[in-house]
Amino acid sequence: MTAELRLSRSELWQPNRNKNKLVENTVKAITAAFAFVSVIATFGIVLTLIVETIHFFGVVSPLRFISETRWTPLFSSAQFGIIVLISATLRTAGIAILVALPLGLLSAICLSEYAGVRVRKILKPLLEILAGIPTVVFGYFALTLVTPQLLQPLIPGLSGLNALSAGLVLGLAIMPLVTSLSEDAIYAVPRSLRDGAYALGATKRETIIAVVLPAALSGIVSSLILAVSRAIGETMIVTLAAGQTPNLGIDPTVAVLTMTAYIVQIFKGDAPAGSIAYLSAYAVGMTLFVMTLLLNIFSFWFVRRFREKYE
Amino acid sequence: MDSNTPLPNGTSEVVLRAKKLNVYYGSNRAVRDVDLDISENTVVAFIGPSGCGKSTVLRCFNRMNDLIAAARVEGSITFRDDDIYAPNVDAVELRSRIGMVFQRPNPFPKSIYENIAFGARINGYKGNMDELVEQSLRKAALWDEVKDKLKQSGLALSGGQQQRLCIARAIAISPEVILMDEPCSALDPISTLKVEELIQELKQQYTIIIVTHNMQQASRVSDHTAFYNAEATEKGNKIGYLVEYDRTEVIFQNPAQQKTQEYISGRFG
C-alpha cells in the first residue's frame, strides 16, 4: 500500500521518516525522564524515613513507642509514647474536619445547585483566594485574633496556645479543598438524574438530598479524606497556634504538641543531630506517612467500590 | 397552509390542550403556534425531523422547561381546564400528576425498590409500600425479572429493564398522563418491543404522549399522531411547528398535508 502511494507522488514529497522517528523517541525519553523524577523523589523520601526510623527503633523498642503514655525525648528518663502526639494531631484535625465538612459541603451545594451566575462569579474566586492564603498567615490569624479576641472571651481560662483555635482555623484553611472537590463531584452527577427526580414531583431539596448527594457520595467522601490527610499533615497553623506542650487526652482547650509541630521543633535545632531525640523525628514522620498512606488507600478503595458508573 | 385545528374528538374528554403555544430559548423562538388537544386514554405520537420542537412541546406539558433558565413559554396549556402556567400552579405538584420517561434510562443510583419508593414517599404515599412497588413493577412488566433482587442497584439492570424500571417509577405515583421522550431510542429491538407492548397495556389507564423518531413505532403504538416540521429562519435558527394532527391511520395513509406525505414516505427528515 505505501509503495503504491509513493509511486503516485512526485519528487516534491520527501518526508524524512527517520528524523521523525528520532524526534518522537527523544521527546518520549525526555518526558519519561521528568515523570521519573517524582518516582525517584518518592522512593528517596520513603527510604530516608525507613532507614532513620530503623535506627531509632534500634534504640527505642517499637513496643515503647506505642505503649508509653508520655512524650519526653529530651528528658534524661526519655519516654516516646507516640500516642501523645497522635492525640494532639487527632484533636486539631478532628476539630478542623468538624468545621470543614459542613462548611465545605454546604457551600459546594450552594455553589452548584442554588447560586445564580452572579453569586457564583463572586463566591468562587473568593474561595480560591482563601485556598491560596499561606498557612502561616492562618497560623498567626489563629494565634493573634481567634484565640484572644474570639475564644478567650467565650471560654474563660483558655490557654493562649490551644488545639481548639488551631483546629478551627485549620478547618477554615482546608474548607476550600472540600468545597472545590465536592462541587466537582456534585457537578458530575448527570443532569438526567435530576430531571428524573423533578419529573416525579420532587422539590429541589428532595432532589439534592435523595438523588444528587448519594450519587456524588464517592467523590464527596474522597474529598473529605483528602482534607483529613491535609489536616493531619498541616504544620504551620498547629505549630504557631496549638503550642509545643506534649499533652495526652482529648481536651481541646489546652496547648498540645502535634506530630508535625514536634518535627519542626526538632529540626529547628532543639536536638543535636544524631541524638535519639533527633532520630525520633523520623519515627514520627514515618507514623505520619503511614497514616496518610492508609487514608489514601482507603479513599482509593472507597471510590472504586462506591462510584456509580453512568453512561 | 400549515396551521392546524385541534383534533376533533367527540368520544372522550380532553386532558391536555395547548393553545397558541410558543417556546423561546433566550431570544430564539424554538416552537411556534402549536394548537393541540390530547384526549383521555389515548396514545398520541409526536413525530418529525430533528429540531422540529416535538420534545420541546412535550416538556411544556409537565413544565420541565422551567428548569432551563433561558426557556420561556407563551400561549397556554390547560390540564383538565386549568392553566398549568398560571401563577398559582405549583410545577412540583403538576409533575406528580403528569409523569415522564426520558430518552435514556435514568434510574437513580439506588436499589430497584428504592427507585420506585422514592417518588411515592416524596408525594406523601401512606399506603403499603411493598404492595405499591410490586404493583408498579407488575404494570411495567418487570416484576418477574426483578422480584428476587429488589435490593440490587437499579443501575445493574440491562438498558431495557432500566427503562421499564423508569416507567414503573413513573406509574408508581399514579399520574394521569405519562410523557415519553423517545423512550426506546437507546434500546435494542427486543426491549423496544417490550416497551411498545407495555404502552398498549398502559393506555387502558393512562393518557400517553410519546415522542419518537421511529415512524413504524408511531404507527404501531399510537391512536393519534402529530407531525411537526422545522423551518429555517433568516437568522439561521430552526423553528418547529405543528404541520398536521390526526388519527394515526389518517396521517400514515391519507395525510392532508404534502409535507406529511413527504416525511412519512421518507423523502426528508
# chains A, B, ... in the order shown; residues from 1 in each chain; ligands from 1
call {"tool": "interface_residues", "arguments": {"of": "chain B", "to": "chain A", "cutoff": "10 Å", "atoms": "only C-alpha atoms", "output": "compact mmCIF listing (two decimals) with N, CA, C and O atoms, in the first residue's frame"}}
result
# COMPACT_ATOMS: atom_id res chain seq x y z
N ARG B 59 -42.05 18.71 26.72
CA ARG B 59 -41.56 19.16 28.02
C ARG B 59 -42.32 20.38 28.55
O ARG B 59 -42.10 20.79 29.69
N ASN B 62 -45.27 19.14 31.32
CA ASN B 62 -45.03 18.99 32.76
C ASN B 62 -44.07 20.06 33.26
O ASN B 62 -43.44 19.91 34.30
N ARG B 63 -43.97 21.12 32.49
CA ARG B 63 -43.14 22.28 32.86
C ARG B 63 -41.70 21.90 33.17
O ARG B 63 -41.06 22.52 34.02
N MET B 64 -41.17 20.92 32.46
CA MET B 64 -39.75 20.62 32.63
C MET B 64 -38.90 21.75 32.05
O MET B 64 -37.74 21.92 32.42
N LEU B 67 -36.95 24.29 34.16
CA LEU B 67 -35.63 24.02 34.74
C LEU B 67 -34.51 24.59 33.88
O LEU B 67 -33.36 24.63 34.28
N ASP B 90 -48.32 25.04 41.11
CA ASP B 90 -47.02 24.58 41.56
C ASP B 90 -46.52 23.51 40.59
O ASP B 90 -47.13 22.45 40.44
N ALA B 91 -45.39 23.80 39.93
CA ALA B 91 -44.85 22.85 38.94
C ALA B 91 -44.56 21.50 39.59
O ALA B 91 -44.70 20.45 38.95
N VAL B 92 -44.15 21.53 40.86
CA VAL B 92 -43.84 20.28 41.56
C VAL B 92 -45.07 19.39 41.63
O VAL B 92 -45.02 18.19 41.37
N GLU B 93 -46.22 20.01 41.95
CA GLU B 93 -47.44 19.22 42.04
C GLU B 93 -47.89 18.74 40.67
O GLU B 93 -48.31 17.59 40.49
N LEU B 94 -47.75 19.63 39.68
CA LEU B 94 -48.12 19.27 38.31
C LEU B 94 -47.36 18.02 37.86
O LEU B 94 -47.93 17.09 37.29
N ARG B 95 -46.06 18.00 38.17
CA ARG B 95 -45.23 16.89 37.70
C ARG B 95 -45.58 15.58 38.39
O ARG B 95 -45.26 14.51 37.89
N SER B 96 -46.21 15.67 39.56
CA SER B 96 -46.62 14.43 40.19
C SER B 96 -47.89 13.88 39.55
O SER B 96 -48.26 12.74 39.77
N ARG B 97 -48.56 14.70 38.74
CA ARG B 97 -49.76 14.21 38.05
C ARG B 97 -49.51 13.93 36.57
O ARG B 97 -50.29 13.27 35.91
N ILE B 98 -48.41 14.51 36.06
CA ILE B 98 -48.02 14.23 34.68
C ILE B 98 -46.61 13.67 34.71
O ILE B 98 -45.64 14.41 34.86
N GLY B 99 -46.51 12.36 34.62
CA GLY B 99 -45.20 11.72 34.76
C GLY B 99 -44.41 11.78 33.48
O GLY B 99 -44.92 12.15 32.42
N MET B 100 -43.12 11.41 33.58
CA MET B 100 -42.28 11.49 32.38
C MET B 100 -41.27 10.36 32.35
O MET B 100 -40.72 9.97 33.37
N VAL B 101 -41.04 9.85 31.14
CA VAL B 101 -39.99 8.85 30.91
C VAL B 101 -39.06 9.44 29.86
O VAL B 101 -39.52 10.01 28.88
N PHE B 102 -37.76 9.31 30.12
CA PHE B 102 -36.80 10.04 29.30
C PHE B 102 -36.18 9.18 28.21
O PHE B 102 -36.33 7.96 28.18
N GLN B 103 -35.42 9.87 27.37
CA GLN B 103 -34.78 9.22 26.23
C GLN B 103 -33.81 8.12 26.66
O GLN B 103 -33.87 7.01 26.17
N ARG B 104 -32.92 8.47 27.58
CA ARG B 104 -32.02 7.45 28.11
C ARG B 104 -32.57 7.02 29.45
O ARG B 104 -32.99 7.86 30.24
N PRO B 105 -32.56 5.72 29.71
CA PRO B 105 -33.00 5.27 31.03
C PRO B 105 -32.18 5.99 32.10
O PRO B 105 -30.96 6.07 31.97
N ASN B 106 -32.84 6.55 33.10
CA ASN B 106 -32.09 7.25 34.14
C ASN B 106 -32.51 6.81 35.54
O ASN B 106 -32.96 7.61 36.34
N PRO B 107 -32.36 5.51 35.83
CA PRO B 107 -32.69 5.07 37.19
C PRO B 107 -31.77 5.76 38.19
O PRO B 107 -30.65 6.12 37.85
N PHE B 108 -32.28 5.99 39.40
CA PHE B 108 -31.44 6.58 40.44
C PHE B 108 -30.42 5.55 40.91
O PHE B 108 -30.69 4.35 40.86
N PRO B 109 -29.26 5.99 41.37
CA PRO B 109 -28.28 5.04 41.89
C PRO B 109 -28.72 4.51 43.26
O PRO B 109 -28.07 4.72 44.26
N LYS B 110 -29.86 3.85 43.26
CA LYS B 110 -30.43 3.27 44.47
C LYS B 110 -30.91 1.88 44.11
O LYS B 110 -30.88 1.50 42.94
N ASN B 115 -35.89 2.93 43.97
CA ASN B 115 -36.19 3.71 42.78
C ASN B 115 -37.67 3.99 42.69
O ASN B 115 -38.09 5.06 42.24
N PHE B 118 -39.12 6.00 46.12
CA PHE B 118 -38.73 7.40 46.25
C PHE B 118 -39.87 8.36 45.87
O PHE B 118 -40.26 9.23 46.64
N GLY B 119 -40.39 8.15 44.66
CA GLY B 119 -41.44 9.05 44.18
C GLY B 119 -42.69 9.00 45.05
O GLY B 119 -43.31 10.02 45.35
N ALA B 120 -43.02 7.77 45.48
CA ALA B 120 -44.20 7.60 46.32
C ALA B 120 -44.01 8.34 47.64
O ALA B 120 -44.91 9.03 48.13
N ARG B 121 -42.82 8.21 48.20
CA ARG B 121 -42.54 8.80 49.50
C ARG B 121 -42.61 10.33 49.44
O ARG B 121 -43.26 10.96 50.28
N ILE B 122 -41.96 10.91 48.42
CA ILE B 122 -41.96 12.38 48.38
C ILE B 122 -43.35 12.92 48.07
O ILE B 122 -43.64 14.06 48.35
N ASN B 123 -44.21 12.07 47.49
CA ASN B 123 -45.58 12.53 47.23
C ASN B 123 -46.53 12.16 48.35
O ASN B 123 -47.76 12.21 48.19
N SER B 153 -28.95 -2.67 42.95
CA SER B 153 -28.98 -1.36 42.35
C SER B 153 -29.73 -1.37 41.02
O SER B 153 -29.60 -2.31 40.24
N LEU B 155 -29.05 0.35 38.63
CA LEU B 155 -28.09 0.51 37.55
C LEU B 155 -27.53 -0.82 37.07
O LEU B 155 -26.88 -0.89 36.04
N CYS B 166 -37.89 2.73 34.92
CA CYS B 166 -38.25 4.16 34.90
C CYS B 166 -39.74 4.34 34.63
O CYS B 166 -40.37 5.26 35.16
N ARG B 169 -41.43 3.46 37.84
CA ARG B 169 -41.24 4.58 38.77
C ARG B 169 -42.25 5.69 38.47
O ARG B 169 -42.80 6.30 39.39
N ALA B 170 -42.48 5.92 37.17
CA ALA B 170 -43.44 6.97 36.80
C ALA B 170 -44.87 6.55 37.15
O ALA B 170 -45.66 7.37 37.64
N ILE B 171 -45.20 5.26 36.94
CA ILE B 171 -46.57 4.82 37.23
C ILE B 171 -46.85 4.80 38.72
O ILE B 171 -47.98 4.98 39.16
N ALA B 172 -45.78 4.56 39.50
CA ALA B 172 -45.95 4.34 40.94
C ALA B 172 -46.65 5.51 41.61
O ALA B 172 -47.31 5.34 42.64
N ILE B 173 -46.48 6.72 41.07
CA ILE B 173 -47.09 7.86 41.75
C ILE B 173 -48.47 8.19 41.17
O ILE B 173 -48.99 9.28 41.38
N PRO B 175 -49.87 8.87 38.06
CA PRO B 175 -50.09 10.08 37.27
C PRO B 175 -51.31 9.88 36.39
O PRO B 175 -51.83 8.77 36.27
N LEU B 179 -45.66 11.24 29.89
CA LEU B 179 -44.95 11.77 28.73
C LEU B 179 -43.73 10.89 28.48
O LEU B 179 -43.00 10.57 29.41
call {"tool": "residues_around", "arguments": {"residues": "B:Val15", "least_positions_apart": "2", "cutoff": "7 Å", "atoms": "only C-alpha atoms", "output": "ChimeraX atom specification"}}
result
/B:13,17,38-40,79-80
call {"tool": "write_last_selection", "arguments": {"atoms": "all heavy atoms", "output": "mmCIF file, in the first residue's frame"}}
result
data_model
loop_
_atom_site.group_PDB
_atom_site.id
_atom_site.type_symbol
_atom_site.label_atom_id
_atom_site.label_comp_id
_atom_site.auth_asym_id
_atom_site.auth_seq_id
_atom_site.Cartn_x
_atom_site.Cartn_y
_atom_site.Cartn_z
ATOM 1 N N GLU B 13 -62.872 12.748 26.848
ATOM 2 C CA GLU B 13 -62.603 14.066 27.393
ATOM 3 C C GLU B 13 -61.199 14.549 27.030
ATOM 4 O O GLU B 13 -60.256 13.757 26.961
ATOM 5 C CB GLU B 13 -62.724 13.977 28.918
ATOM 6 C CG GLU B 13 -62.899 15.312 29.591
ATOM 7 C CD GLU B 13 -62.859 15.152 31.089
ATOM 8 O OE1 GLU B 13 -63.215 14.069 31.584
ATOM 9 O OE2 GLU B 13 -62.467 16.112 31.764
ATOM 10 N N ARG B 17 -54.656 20.580 26.650
ATOM 11 C CA ARG B 17 -54.950 21.392 25.479
ATOM 12 C C ARG B 17 -53.914 22.507 25.382
ATOM 13 O O ARG B 17 -53.752 23.295 26.311
ATOM 14 C CB ARG B 17 -56.355 21.975 25.596
ATOM 15 C CG ARG B 17 -56.653 23.069 24.556
ATOM 16 C CD ARG B 17 -58.109 23.483 24.601
ATOM 17 N NE ARG B 17 -58.954 22.442 24.017
ATOM 18 C CZ ARG B 17 -60.273 22.343 24.258
ATOM 19 N NH1 ARG B 17 -60.852 23.180 25.088
ATOM 20 N NH2 ARG B 17 -60.974 21.398 23.690
ATOM 21 N N ILE B 38 -55.292 16.768 23.560
ATOM 22 C CA ILE B 38 -54.961 15.370 23.839
ATOM 23 C C ILE B 38 -56.150 14.763 24.581
ATOM 24 O O ILE B 38 -56.544 15.261 25.636
ATOM 25 C CB ILE B 38 -53.707 15.260 24.735
ATOM 26 C CG1 ILE B 38 -52.543 16.084 24.174
ATOM 27 C CG2 ILE B 38 -53.334 13.805 24.969
ATOM 28 C CD1 ILE B 38 -51.792 15.472 23.052
ATOM 29 N N SER B 39 -56.729 13.698 24.031
ATOM 30 C CA SER B 39 -57.896 13.101 24.670
ATOM 31 C C SER B 39 -57.482 12.024 25.665
ATOM 32 O O SER B 39 -56.425 11.423 25.554
ATOM 33 C CB SER B 39 -58.811 12.452 23.635
ATOM 34 O OG SER B 39 -58.858 13.206 22.473
ATOM 35 N N GLU B 40 -58.392 11.800 26.580
ATOM 36 C CA GLU B 40 -58.108 10.857 27.662
ATOM 37 C C GLU B 40 -57.939 9.428 27.129
ATOM 38 O O GLU B 40 -58.612 9.009 26.191
ATOM 39 C CB GLU B 40 -59.271 10.882 28.643
ATOM 40 C CG GLU B 40 -58.970 10.185 29.937
ATOM 41 C CD GLU B 40 -59.891 10.665 31.042
ATOM 42 O OE1 GLU B 40 -61.053 10.924 30.756
ATOM 43 O OE2 GLU B 40 -59.418 10.778 32.181
ATOM 44 N N PHE B 79 -54.614 21.779 31.625
ATOM 45 C CA PHE B 79 -54.668 20.389 32.062
ATOM 46 C C PHE B 79 -56.015 20.235 32.763
ATOM 47 O O PHE B 79 -56.230 20.829 33.814
ATOM 48 C CB PHE B 79 -53.499 20.114 33.002
ATOM 49 C CG PHE B 79 -53.502 18.745 33.626
ATOM 50 C CD1 PHE B 79 -53.808 17.615 32.881
ATOM 51 C CD2 PHE B 79 -53.170 18.599 34.968
ATOM 52 C CE1 PHE B 79 -53.795 16.359 33.466
ATOM 53 C CE2 PHE B 79 -53.152 17.346 35.549
ATOM 54 C CZ PHE B 79 -53.474 16.225 34.796
ATOM 55 N N ARG B 80 -56.932 19.510 32.146
ATOM 56 C CA ARG B 80 -58.304 19.419 32.638
ATOM 57 C C ARG B 80 -58.867 20.806 32.947
ATOM 58 O O ARG B 80 -59.344 21.082 34.041
ATOM 59 C CB ARG B 80 -58.381 18.547 33.886
ATOM 60 C CG ARG B 80 -57.897 17.117 33.648
ATOM 61 C CD ARG B 80 -58.468 16.152 34.642
ATOM 62 N NE ARG B 80 -57.914 14.826 34.466
ATOM 63 C CZ ARG B 80 -58.298 13.962 33.534
ATOM 64 N NH1 ARG B 80 -59.248 14.284 32.686
ATOM 65 N NH2 ARG B 80 -57.737 12.773 33.441
#
call {"tool": "residues_around", "arguments": {"residues": "B:Leu187", "least_positions_apart": "6", "cutoff": "12 Å", "atoms": "only C-alpha atoms", "output": "ChimeraX atom specification"}}
result
/B:103-105,158-164,193-196
call {"tool": "residues_around", "arguments": {"residues": "B:Val146", "least_positions_apart": "3", "cutoff": "12 Å", "atoms": "only C-alpha atoms", "output": "list of chain:residue names"}}
result
B:Ser111, B:Ile112, B:Tyr113, B:Val133, B:Glu134, B:Leu137, B:Arg138, B:Ala140, B:Ala141, B:Leu142, B:Trp143, B:Lys149, B:Leu150, B:Lys151, B:Gln152, B:Ser153, B:Gly154, B:Ala156, B:Leu157, B:Ser158, B:Gln161, B:Gln162, B:Arg164, B:Leu165
call {"tool": "write_last_selection", "arguments": {"atoms": "N, CA, C and O atoms", "output": "compact mmCIF listing (two decimals), in the first residue's frame"}}
result
# COMPACT_ATOMS: atom_id res chain seq x y z
N SER B 111 -31.43 1.17 45.09
CA SER B 111 -31.94 -0.16 44.81
C SER B 111 -33.19 -0.06 43.92
O SER B 111 -33.80 1.01 43.82
N ILE B 112 -33.54 -1.18 43.30
CA ILE B 112 -34.73 -1.22 42.46
C ILE B 112 -35.95 -0.78 43.28
O ILE B 112 -36.76 0.04 42.85
N TYR B 113 -36.03 -1.33 44.49
CA TYR B 113 -37.13 -1.00 45.38
C TYR B 113 -37.19 0.51 45.65
O TYR B 113 -38.23 1.14 45.51
N VAL B 133 -44.78 -1.11 45.28
CA VAL B 133 -43.60 -1.45 44.48
C VAL B 133 -43.93 -2.65 43.58
O VAL B 133 -43.64 -2.63 42.38
N GLU B 134 -44.55 -3.65 44.18
CA GLU B 134 -44.87 -4.84 43.38
C GLU B 134 -45.85 -4.51 42.25
O GLU B 134 -45.61 -4.85 41.09
N LEU B 137 -44.17 -2.53 39.48
CA LEU B 137 -43.27 -3.36 38.68
C LEU B 137 -44.07 -4.33 37.82
O LEU B 137 -43.69 -4.63 36.69
N ARG B 138 -45.16 -4.82 38.34
CA ARG B 138 -46.02 -5.72 37.53
C ARG B 138 -46.58 -4.97 36.33
O ARG B 138 -46.58 -5.47 35.21
N ALA B 140 -45.39 -2.54 34.86
CA ALA B 140 -44.32 -2.23 33.90
C ALA B 140 -43.71 -3.50 33.33
O ALA B 140 -42.67 -3.44 32.67
N ALA B 141 -44.34 -4.66 33.59
CA ALA B 141 -43.89 -5.95 33.07
C ALA B 141 -42.44 -6.24 33.44
O ALA B 141 -41.66 -6.74 32.63
N LEU B 142 -42.09 -5.87 34.65
CA LEU B 142 -40.71 -6.08 35.08
C LEU B 142 -40.62 -6.96 36.32
O LEU B 142 -39.56 -7.50 36.66
N TRP B 143 -41.76 -7.18 36.97
CA TRP B 143 -41.78 -7.85 38.27
C TRP B 143 -41.08 -9.22 38.23
O TRP B 143 -40.22 -9.51 39.05
N LYS B 149 -34.49 -9.68 43.31
CA LYS B 149 -33.33 -8.80 43.54
C LYS B 149 -33.73 -7.34 43.71
O LYS B 149 -33.10 -6.45 43.16
N LEU B 150 -34.78 -7.13 44.50
CA LEU B 150 -35.26 -5.76 44.69
C LEU B 150 -34.25 -4.88 45.41
O LEU B 150 -34.30 -3.67 45.32
N LYS B 151 -33.33 -5.53 46.16
CA LYS B 151 -32.34 -4.75 46.91
C LYS B 151 -31.14 -4.36 46.05
O LYS B 151 -30.31 -3.57 46.48
N GLN B 152 -31.07 -4.94 44.86
CA GLN B 152 -29.93 -4.61 44.00
C GLN B 152 -30.09 -3.23 43.37
O GLN B 152 -31.19 -2.72 43.23
N SER B 153 -28.95 -2.67 42.95
CA SER B 153 -28.98 -1.36 42.35
C SER B 153 -29.73 -1.37 41.02
O SER B 153 -29.60 -2.31 40.24
N GLY B 154 -30.51 -0.33 40.80
CA GLY B 154 -31.22 -0.20 39.54
C GLY B 154 -30.28 -0.09 38.36
O GLY B 154 -30.63 -0.42 37.22
N ALA B 156 -27.77 -1.89 37.86
CA ALA B 156 -27.24 -3.19 37.48
C ALA B 156 -28.11 -3.87 36.42
O ALA B 156 -27.74 -4.88 35.85
N LEU B 157 -29.29 -3.30 36.15
CA LEU B 157 -30.18 -3.91 35.16
C LEU B 157 -29.72 -3.58 33.74
O LEU B 157 -28.94 -2.66 33.53
N SER B 158 -30.25 -4.34 32.77
CA SER B 158 -29.95 -4.03 31.37
C SER B 158 -30.67 -2.75 30.97
O SER B 158 -31.58 -2.29 31.66
N GLN B 161 -34.42 -3.13 30.75
CA GLN B 161 -35.01 -3.28 32.09
C GLN B 161 -34.99 -1.95 32.83
O GLN B 161 -35.95 -1.60 33.53
N GLN B 162 -33.88 -1.20 32.66
CA GLN B 162 -33.80 0.11 33.30
C GLN B 162 -34.92 1.01 32.82
O GLN B 162 -35.54 1.73 33.61
N ARG B 164 -37.84 0.10 31.68
CA ARG B 164 -39.12 -0.33 32.26
C ARG B 164 -39.18 0.02 33.75
O ARG B 164 -40.25 0.31 34.29
N LEU B 165 -37.99 0.03 34.41
CA LEU B 165 -37.97 0.48 35.80
C LEU B 165 -38.38 1.96 35.87
O LEU B 165 -39.13 2.36 36.77
call {"tool": "select_by_dssp", "arguments": {"residues": "stretch 14-249 of chain B", "states": "helix (DSSP H, G or I)", "output": "number ranges by chain"}}
result
B: 54-61, 64-67, 91-97, 112-122, 129-139, 143-146, 154-156, 159-172, 189-202, 215-221, 248-249
call {"tool": "select_by_dssp", "arguments": {"residues": "stretch 184-247 of chain B", "states": "strand (DSSP E)", "output": "NGL selection string"}}
result
:B and (207-211 or 224-232 or 238-247)
call {"tool": "write_last_selection", "arguments": {"atoms": "C-alpha atoms", "output": "PDB file, in the first residue's frame"}}
result
ATOM      1  CA  THR B 207     -53.057   9.095  28.652  1.00  0.00           C
ATOM      2  CA  ILE B 208     -49.703   8.768  26.935  1.00  0.00           C
ATOM      3  CA  ILE B 209     -47.806  11.179  24.739  1.00  0.00           C
ATOM      4  CA  ILE B 210     -44.778   9.641  23.071  1.00  0.00           C
ATOM      5  CA  VAL B 211     -42.103  11.430  21.074  1.00  0.00           C
ATOM      6  CA  HIS B 224     -53.296   9.882  17.135  1.00  0.00           C
ATOM      7  CA  THR B 225     -50.202  11.309  15.538  1.00  0.00           C
ATOM      8  CA  ALA B 226     -48.932  14.864  15.425  1.00  0.00           C
ATOM      9  CA  PHE B 227     -46.403  15.628  12.728  1.00  0.00           C
ATOM     10  CA  TYR B 228     -44.053  18.522  13.404  1.00  0.00           C
ATOM     11  CA  ASN B 229     -41.686  20.104  10.966  1.00  0.00           C
ATOM     12  CA  ALA B 230     -38.976  22.718  11.218  1.00  0.00           C
ATOM     13  CA  GLU B 231     -38.349  25.720   9.044  1.00  0.00           C
ATOM     14  CA  ALA B 232     -35.208  27.804   8.970  1.00  0.00           C
ATOM     15  CA  LYS B 238     -34.903  26.449  13.229  1.00  0.00           C
ATOM     16  CA  ILE B 239     -38.466  26.996  14.306  1.00  0.00           C
ATOM     17  CA  GLY B 240     -40.635  23.980  14.841  1.00  0.00           C
ATOM     18  CA  TYR B 241     -44.332  23.987  14.093  1.00  0.00           C
ATOM     19  CA  LEU B 242     -47.183  21.527  14.010  1.00  0.00           C
ATOM     20  CA  VAL B 243     -47.988  20.519  10.454  1.00  0.00           C
ATOM     21  CA  GLU B 244     -50.764  18.032  10.905  1.00  0.00           C
ATOM     22  CA  TYR B 245     -52.509  16.233  13.715  1.00  0.00           C
ATOM     23  CA  ASP B 246     -54.989  13.469  13.120  1.00  0.00           C
ATOM     24  CA  ARG B 247     -55.814   9.863  13.755  1.00  0.00           C
TER      25      ARG B 247
END
call {"tool": "residues_around", "arguments": {"residues": "stretch 62-77 of chain A", "least_positions_apart": "4", "cutoff": "12 Å", "atoms": "only C-alpha atoms", "output": "JSON, numbers by chain"}}
result
{"A": [53, 54, 55, 56, 57, 58, 81, 82, 83, 84, 85, 86, 87, 88, 244, 245, 246, 247, 248, 249, 256, 257, 258, 259, 262, 265, 266, 270, 271, 272, 275, 276, 277, 278, 279, 280, 281, 283, 284, 287]}
call {"tool": "residues_around", "arguments": {"residues": "B:Asn22", "least_positions_apart": "4", "cutoff": "6 Å", "atoms": "only C-alpha atoms", "output": "number ranges by chain"}}
result
B: 31-33, 73-74
